[in-house]
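Chemist: Coordinates in query-v9.pdb, PDB, C-alpha atoms and all ligand atoms, are listed below.
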MODEL        1
ATOM      1  CA  MET A   8     -28.178  -3.856  36.729  1.00  0.00           C
ATOM      2  CA  THR A   9     -27.104  -4.030  40.358  1.00  0.00           C
ATOM      3  CA  GLU A  10     -24.920  -6.954  41.392  1.00  0.00           C
ATOM      4  CA  LEU A  11     -26.889  -9.961  42.593  1.00  0.00           C
ATOM      5  CA  ARG A  12     -25.026 -11.758  45.368  1.00  0.00           C
ATOM      6  CA  PHE A  13     -27.498 -13.539  47.624  1.00  0.00           C
ATOM      7  CA  CYS A  14     -30.469 -15.857  47.173  1.00  0.00           C
ATOM      8  CA  PRO A  15     -33.733 -13.918  47.633  1.00  0.00           C
ATOM      9  CA  LEU A  16     -35.216 -16.908  49.506  1.00  0.00           C
ATOM     10  CA  CYS A  17     -32.450 -18.244  51.806  1.00  0.00           C
ATOM     11  CA  ALA A  18     -29.822 -15.489  51.569  1.00  0.00           C
ATOM     12  CA  ALA A  19     -27.073 -17.986  50.668  1.00  0.00           C
ATOM     13  CA  GLU A  20     -24.301 -16.615  48.499  1.00  0.00           C
ATOM     14  CA  LEU A  21     -25.056 -17.168  44.811  1.00  0.00           C
ATOM     15  CA  GLY A  22     -22.669 -19.090  42.602  1.00  0.00           C
ATOM     16  CA  MET A  23     -22.335 -20.320  39.064  1.00  0.00           C
ATOM     17  CA  ARG A  24     -23.888 -23.677  38.279  1.00  0.00           C
ATOM     18  CA  VAL A  25     -25.210 -25.444  35.222  1.00  0.00           C
ATOM     19  CA  GLU A  26     -28.956 -25.180  34.762  1.00  0.00           C
ATOM     20  CA  SER A  27     -30.775 -26.064  31.511  1.00  0.00           C
ATOM     21  CA  GLY A  28     -27.505 -26.568  29.715  1.00  0.00           C
ATOM     22  CA  ARG A  29     -25.788 -23.304  30.621  1.00  0.00           C
ATOM     23  CA  GLU A  30     -23.678 -21.843  33.389  1.00  0.00           C
ATOM     24  CA  ARG A  31     -25.921 -19.484  35.325  1.00  0.00           C
ATOM     25  CA  LEU A  32     -25.816 -17.570  38.561  1.00  0.00           C
ATOM     26  CA  GLY A  33     -28.034 -19.223  41.159  1.00  0.00           C
ATOM     27  CA  CYS A  34     -28.639 -20.373  44.716  1.00  0.00           C
ATOM     28  CA  PRO A  35     -26.506 -23.436  45.673  1.00  0.00           C
ATOM     29  CA  SER A  36     -29.683 -25.052  47.115  1.00  0.00           C
ATOM     30  CA  GLY A  37     -31.560 -24.526  43.855  1.00  0.00           C
ATOM     31  CA  HIS A  38     -34.111 -21.988  45.164  1.00  0.00           C
ATOM     32  CA  TRP A  39     -33.446 -19.387  42.572  1.00  0.00           C
ATOM     33  CA  THR A  40     -31.751 -18.928  39.186  1.00  0.00           C
ATOM     34  CA  HIS A  41     -30.772 -15.721  37.494  1.00  0.00           C
ATOM     35  CA  TRP A  42     -32.051 -16.625  34.008  1.00  0.00           C
ATOM     36  CA  ASP A  43     -30.991 -13.304  32.506  1.00  0.00           C
ATOM     37  CA  ASN A  44     -33.513 -13.597  29.679  1.00  0.00           C
ATOM     38  CA  PRO A  45     -33.634 -10.785  27.104  1.00  0.00           C
ATOM     39  CA  LEU A  46     -36.055  -7.985  27.923  1.00  0.00           C
ATOM     40  CA  PRO A  47     -38.528  -6.901  25.246  1.00  0.00           C
ATOM     41  CA  VAL A  48     -38.282  -3.249  24.206  1.00  0.00           C
ATOM     42  CA  LEU A  49     -40.940  -1.493  22.162  1.00  0.00           C
ATOM     43  CA  ALA A  50     -39.870   0.891  19.419  1.00  0.00           C
ATOM     44  CA  ALA A  51     -41.921   3.213  17.232  1.00  0.00           C
ATOM     45  CA  LEU A  52     -41.146   4.666  13.832  1.00  0.00           C
ATOM     46  CA  VAL A  53     -43.620   7.520  14.249  1.00  0.00           C
ATOM     47  CA  GLU A  54     -45.184   9.102  11.193  1.00  0.00           C
ATOM     48  CA  LEU A  55     -46.704  12.545  11.652  1.00  0.00           C
ATOM     49  CA  ASP A  56     -48.122  14.399   8.628  1.00  0.00           C
ATOM     50  CA  GLY A  57     -46.046  12.259   6.260  1.00  0.00           C
ATOM     51  CA  LYS A  58     -42.774  12.811   8.106  1.00  0.00           C
ATOM     52  CA  ILE A  59     -40.888  10.556  10.517  1.00  0.00           C
ATOM     53  CA  LEU A  60     -40.236  11.703  14.070  1.00  0.00           C
ATOM     54  CA  LEU A  61     -36.757  11.189  15.463  1.00  0.00           C
ATOM     55  CA  ALA A  62     -36.059  12.254  19.030  1.00  0.00           C
ATOM     56  CA  ARG A  63     -33.004  12.863  21.157  1.00  0.00           C
ATOM     57  CA  ASN A  64     -32.857  11.505  24.676  1.00  0.00           C
ATOM     58  CA  ALA A  65     -31.451  13.843  27.334  1.00  0.00           C
ATOM     59  CA  ALA A  66     -28.789  11.236  28.162  1.00  0.00           C
ATOM     60  CA  TRP A  67     -27.509  10.938  24.587  1.00  0.00           C
ATOM     61  CA  PRO A  68     -24.669  12.802  22.911  1.00  0.00           C
ATOM     62  CA  GLU A  69     -25.410  15.872  20.804  1.00  0.00           C
ATOM     63  CA  GLY A  70     -26.651  15.030  17.322  1.00  0.00           C
ATOM     64  CA  MET A  71     -27.907  11.542  18.139  1.00  0.00           C
ATOM     65  CA  PHE A  72     -31.557  11.024  17.204  1.00  0.00           C
ATOM     66  CA  ALA A  73     -33.501   7.787  17.234  1.00  0.00           C
ATOM     67  CA  LEU A  74     -36.889   6.147  17.443  1.00  0.00           C
ATOM     68  CA  ILE A  75     -39.259   6.374  20.394  1.00  0.00           C
ATOM     69  CA  THR A  76     -38.662   3.368  22.660  1.00  0.00           C
ATOM     70  CA  GLY A  77     -39.885   2.065  25.984  1.00  0.00           C
ATOM     71  CA  PHE A  78     -40.549  -0.976  28.118  1.00  0.00           C
ATOM     72  CA  MET A  79     -43.877  -2.713  28.469  1.00  0.00           C
ATOM     73  CA  GLU A  80     -46.032  -2.481  31.561  1.00  0.00           C
ATOM     74  CA  ARG A  81     -47.659  -5.553  33.040  1.00  0.00           C
ATOM     75  CA  GLY A  82     -51.130  -6.162  31.615  1.00  0.00           C
ATOM     76  CA  GLU A  83     -50.791  -4.273  28.355  1.00  0.00           C
ATOM     77  CA  THR A  84     -50.366  -5.513  24.794  1.00  0.00           C
ATOM     78  CA  PRO A  85     -47.293  -4.300  22.903  1.00  0.00           C
ATOM     79  CA  GLU A  86     -49.579  -2.176  20.718  1.00  0.00           C
ATOM     80  CA  GLN A  87     -51.057  -0.528  23.807  1.00  0.00           C
ATOM     81  CA  GLY A  88     -47.566  -0.155  25.260  1.00  0.00           C
ATOM     82  CA  ILE A  89     -46.118   1.701  22.293  1.00  0.00           C
ATOM     83  CA  ALA A  90     -49.182   3.972  22.124  1.00  0.00           C
ATOM     84  CA  ARG A  91     -48.735   4.777  25.839  1.00  0.00           C
ATOM     85  CA  GLU A  92     -45.003   5.457  25.454  1.00  0.00           C
ATOM     86  CA  LEU A  93     -45.684   7.744  22.491  1.00  0.00           C
ATOM     87  CA  LYS A  94     -48.256   9.701  24.512  1.00  0.00           C
ATOM     88  CA  GLU A  95     -45.966   9.957  27.555  1.00  0.00           C
ATOM     89  CA  GLU A  96     -42.890  11.021  25.599  1.00  0.00           C
ATOM     90  CA  THR A  97     -44.376  13.267  22.889  1.00  0.00           C
ATOM     91  CA  ASP A  98     -48.079  13.830  23.742  1.00  0.00           C
ATOM     92  CA  LEU A  99     -48.984  12.448  20.291  1.00  0.00           C
ATOM     93  CA  ASP A 100     -51.875  10.024  19.776  1.00  0.00           C
ATOM     94  CA  ALA A 101     -51.252   6.707  18.017  1.00  0.00           C
ATOM     95  CA  ASP A 102     -53.979   6.326  15.378  1.00  0.00           C
ATOM     96  CA  HIS A 103     -52.624   3.280  13.584  1.00  0.00           C
ATOM     97  CA  VAL A 104     -50.050   0.788  14.899  1.00  0.00           C
ATOM     98  CA  GLN A 105     -48.513  -1.834  12.617  1.00  0.00           C
ATOM     99  CA  LEU A 106     -45.687  -4.271  13.315  1.00  0.00           C
ATOM    100  CA  ILE A 107     -42.495  -3.741  11.316  1.00  0.00           C
ATOM    101  CA  GLY A 108     -40.606  -6.655  12.836  1.00  0.00           C
ATOM    102  CA  VAL A 109     -38.694  -8.131  15.764  1.00  0.00           C
ATOM    103  CA  TYR A 110     -34.961  -7.443  16.076  1.00  0.00           C
ATOM    104  CA  GLU A 111     -32.126  -8.710  18.213  1.00  0.00           C
ATOM    105  CA  PHE A 112     -30.242  -6.320  20.436  1.00  0.00           C
ATOM    106  CA  ILE A 113     -27.869  -8.851  21.932  1.00  0.00           C
ATOM    107  CA  ARG A 114     -25.404  -6.227  23.126  1.00  0.00           C
ATOM    108  CA  LYS A 115     -27.975  -4.979  25.677  1.00  0.00           C
ATOM    109  CA  ASN A 116     -29.701  -8.352  26.213  1.00  0.00           C
ATOM    110  CA  GLU A 117     -32.883  -6.876  24.742  1.00  0.00           C
ATOM    111  CA  LEU A 118     -35.330  -7.846  22.010  1.00  0.00           C
ATOM    112  CA  ILE A 119     -36.757  -4.996  19.967  1.00  0.00           C
ATOM    113  CA  ILE A 120     -40.385  -5.124  18.820  1.00  0.00           C
ATOM    114  CA  ALA A 121     -40.705  -2.336  16.268  1.00  0.00           C
ATOM    115  CA  TYR A 122     -43.897  -0.687  15.033  1.00  0.00           C
ATOM    116  CA  HIS A 123     -44.811   1.846  12.427  1.00  0.00           C
ATOM    117  CA  VAL A 124     -47.136   4.261  14.216  1.00  0.00           C
ATOM    118  CA  LYS A 125     -49.246   6.795  12.372  1.00  0.00           C
ATOM    119  CA  ALA A 126     -49.769   9.595  14.871  1.00  0.00           C
ATOM    120  CA  SER A 127     -51.671  12.833  15.228  1.00  0.00           C
ATOM    121  CA  GLY A 128     -51.594  15.802  17.575  1.00  0.00           C
ATOM    122  CA  ALA A 129     -49.094  18.453  18.617  1.00  0.00           C
ATOM    123  CA  ILE A 130     -45.642  17.434  19.849  1.00  0.00           C
ATOM    124  CA  ARG A 131     -44.853  18.236  23.469  1.00  0.00           C
ATOM    125  CA  LEU A 132     -41.725  16.435  24.639  1.00  0.00           C
ATOM    126  CA  SER A 133     -41.414  14.857  28.063  1.00  0.00           C
ATOM    127  CA  GLU A 134     -38.403  15.678  30.251  1.00  0.00           C
ATOM    128  CA  GLU A 135     -36.711  12.500  28.978  1.00  0.00           C
ATOM    129  CA  LEU A 136     -36.421  13.977  25.496  1.00  0.00           C
ATOM    130  CA  VAL A 137     -34.653  17.233  24.702  1.00  0.00           C
ATOM    131  CA  ASP A 138     -35.107  17.648  20.962  1.00  0.00           C
ATOM    132  CA  TYR A 139     -36.763  16.150  17.902  1.00  0.00           C
ATOM    133  CA  ARG A 140     -36.681  16.236  14.130  1.00  0.00           C
ATOM    134  CA  LEU A 141     -39.319  15.525  11.517  1.00  0.00           C
ATOM    135  CA  VAL A 142     -37.612  13.916   8.555  1.00  0.00           C
ATOM    136  CA  ALA A 143     -39.020  13.087   5.122  1.00  0.00           C
ATOM    137  CA  PRO A 144     -38.969   9.271   4.703  1.00  0.00           C
ATOM    138  CA  GLU A 145     -36.696   9.434   1.643  1.00  0.00           C
ATOM    139  CA  LYS A 146     -34.121  11.323   3.721  1.00  0.00           C
ATOM    140  CA  LEU A 147     -33.928   8.776   6.550  1.00  0.00           C
ATOM    141  CA  ARG A 148     -30.539   7.131   7.052  1.00  0.00           C
ATOM    142  CA  PRO A 149     -30.734   4.008   9.224  1.00  0.00           C
ATOM    143  CA  TRP A 150     -27.924   2.841  11.506  1.00  0.00           C
ATOM    144  CA  ARG A 151     -26.526  -0.679  11.734  1.00  0.00           C
ATOM    145  CA  ALA A 152     -27.856  -1.679  15.138  1.00  0.00           C
ATOM    146  CA  GLY A 153     -31.134  -2.431  16.887  1.00  0.00           C
ATOM    147  CA  THR A 154     -33.880  -0.055  15.767  1.00  0.00           C
ATOM    148  CA  GLY A 155     -31.844   1.031  12.723  1.00  0.00           C
ATOM    149  CA  TYR A 156     -32.616  -2.322  11.102  1.00  0.00           C
ATOM    150  CA  ALA A 157     -36.341  -1.755  11.705  1.00  0.00           C
ATOM    151  CA  MET A 158     -36.057   1.595   9.943  1.00  0.00           C
ATOM    152  CA  ALA A 159     -34.208  -0.063   7.047  1.00  0.00           C
ATOM    153  CA  ASP A 160     -36.881  -2.754   6.656  1.00  0.00           C
ATOM    154  CA  TRP A 161     -39.632  -0.140   6.733  1.00  0.00           C
ATOM    155  CA  LEU A 162     -37.898   1.925   4.036  1.00  0.00           C
ATOM    156  CA  GLN A 163     -37.328  -1.147   1.906  1.00  0.00           C
ATOM    157  CA  ALA A 164     -40.982  -2.214   2.197  1.00  0.00           C
ATOM    158  CA  ARG A 165     -41.984   1.202   0.853  1.00  0.00           C
ATOM    159  CA  GLY A 166     -39.574   0.957  -2.069  1.00  0.00           C
ATOM    160  CA  LEU A 167     -37.336   3.704  -0.668  1.00  0.00           C
ATOM    161  CA  PRO A 168     -33.538   3.518  -0.876  1.00  0.00           C
ATOM    162  CA  VAL A 169     -31.759   2.132   2.184  1.00  0.00           C
ATOM    163  CA  GLU A 170     -28.490   3.922   2.774  1.00  0.00           C
ATOM    164  CA  PHE A 171     -26.943   3.092   6.139  1.00  0.00           C
ATOM    165  CA  ILE A 172     -24.987   5.627   8.149  1.00  0.00           C
ATOM    166  CA  GLU A 173     -21.495   4.249   8.684  1.00  0.00           C
ATOM    167  CA  LEU A 174     -20.342   5.076  12.207  1.00  0.00           C
ATOM    168  CA  PRO A 175     -16.676   4.533  13.088  1.00  0.00           C
ATOM    169  CA  ASN A 176     -17.536   2.741  16.343  1.00  0.00           C
ATOM    170  CA  SER A 177     -20.678   0.874  15.341  1.00  0.00           C
ATOM    171  CA  SER A 178     -20.584  -2.846  15.882  1.00  0.00           C
TER     172      SER A 178
HETATM  173 ZN    ZN A 201     -31.558 -20.187  48.300  1.00  0.00          ZN
ENDMDL
END
Just give me the structure as structure tokens.
Ligand SMILES: [Zn+2]
Modeler:
Amino acid sequence: MTELRFCPLCAAELGMRVESGRERLGCPSGHWTHWDNPLPVLAALVELDGKILLARNAAWPEGMFALITGFMERGETPEQGIARELKEETDLDADHVQLIGVYEFIRKNELIIAYHVKASGAIRLSEELVDYRLVAPEKLRPWRAGTGYAMADWLQARGLPVEFIELPNSS
């Protein structure tokens, strides 16, 4: 996020002040407060022909695969949002969308809303994604952060073993 320095209404320099019980960046005249609320992120555990789709973002290191994620657009439900993201990023159609759960992602000030999405169609990746894998559910290995916990809960609900990947730098 770019540095916020001036009030968008009066252009006064912003400073820290207590508002609703916390120190927050805001206008000294009280016009504006940087609430810094967590941003919701949609995530999809996509099932295609009985396998789970994991994709690699162009910006990620080699070998790192994860769920399909994206932000919501104004005016859409989260279910519509995840179906749209899936179409944009993979060209797949979401046939059935079911909530897995809601997960903290405090490190990035985000809140993850994770869905199991049964999809159909032929995969055609957007430019954002460079590679994908289709993995049998029993071979999935969740990670101990964000969407990894959604994967773990989904596996557990299906009676599948949950074996976390242990990364040296995971927090
Ligand atoms: Zn102001």
Chemist: Convert the output of the PyMOL selection byres (((chain A and resi 137) around 7) and not hetatm) on the shown file into explicit residues, formatted as a CSV table (one decimal) with C-alpha atoms, in the frame of the given file.
Modeler:
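The file below, out-v9.csv, is the result:
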chain,number,residue,atom,x,y,z
A,63,ARG,CA,-33.0,12.9,21.2
A,64,ASN,CA,-32.9,11.5,24.7
A,65,ALA,CA,-31.5,13.8,27.3
A,134,GLU,CA,-38.4,15.7,30.3
A,135,GLU,CA,-36.7,12.5,29.0
A,136,LEU,CA,-36.4,14.0,25.5
A,138,ASP,CA,-35.1,17.6,21.0
Chemist: Work out how far CA of Phe72 in chain A is from CA of Ala152 in chain A, in Å to one decimal.
Modeler: 13.4 Å
Chemist: Counting all atoms listed in the file, which residue out of A:Val25, A:Cys14, A:Leu99, A:Leu32 sits closest to ligand ZN 201 (chain A)?
Modeler: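 Checking each candidate against ligand ZN 201 (chain A), we get A:Cys14 as the closest.
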Chemist: Dump the neighbourhood of ligand ZN 201 (chain A) as a list in words: all residues within 10 Å, distances computed on only C-alpha atoms and all ligand atoms.
Modeler: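 I would give the residues around ligand ZN 201 (chain A) as Phe13, Cys14, Pro15, Leu16, Cys17, Ala18, Ala19, Glu20, Leu21, Gly33, Cys34, Pro35, Ser36, Gly37, His38, Trp39 and Thr40 of chain A.
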Chemist: Output the residue selection produced by the PyMOL selection byres (((chain A and resi 107) around 12) and not hetatm) on the file above, formatted as a ChimeraX atom specification.
Modeler: /A:49-53,86,104-106,108-110,119-124,154-165
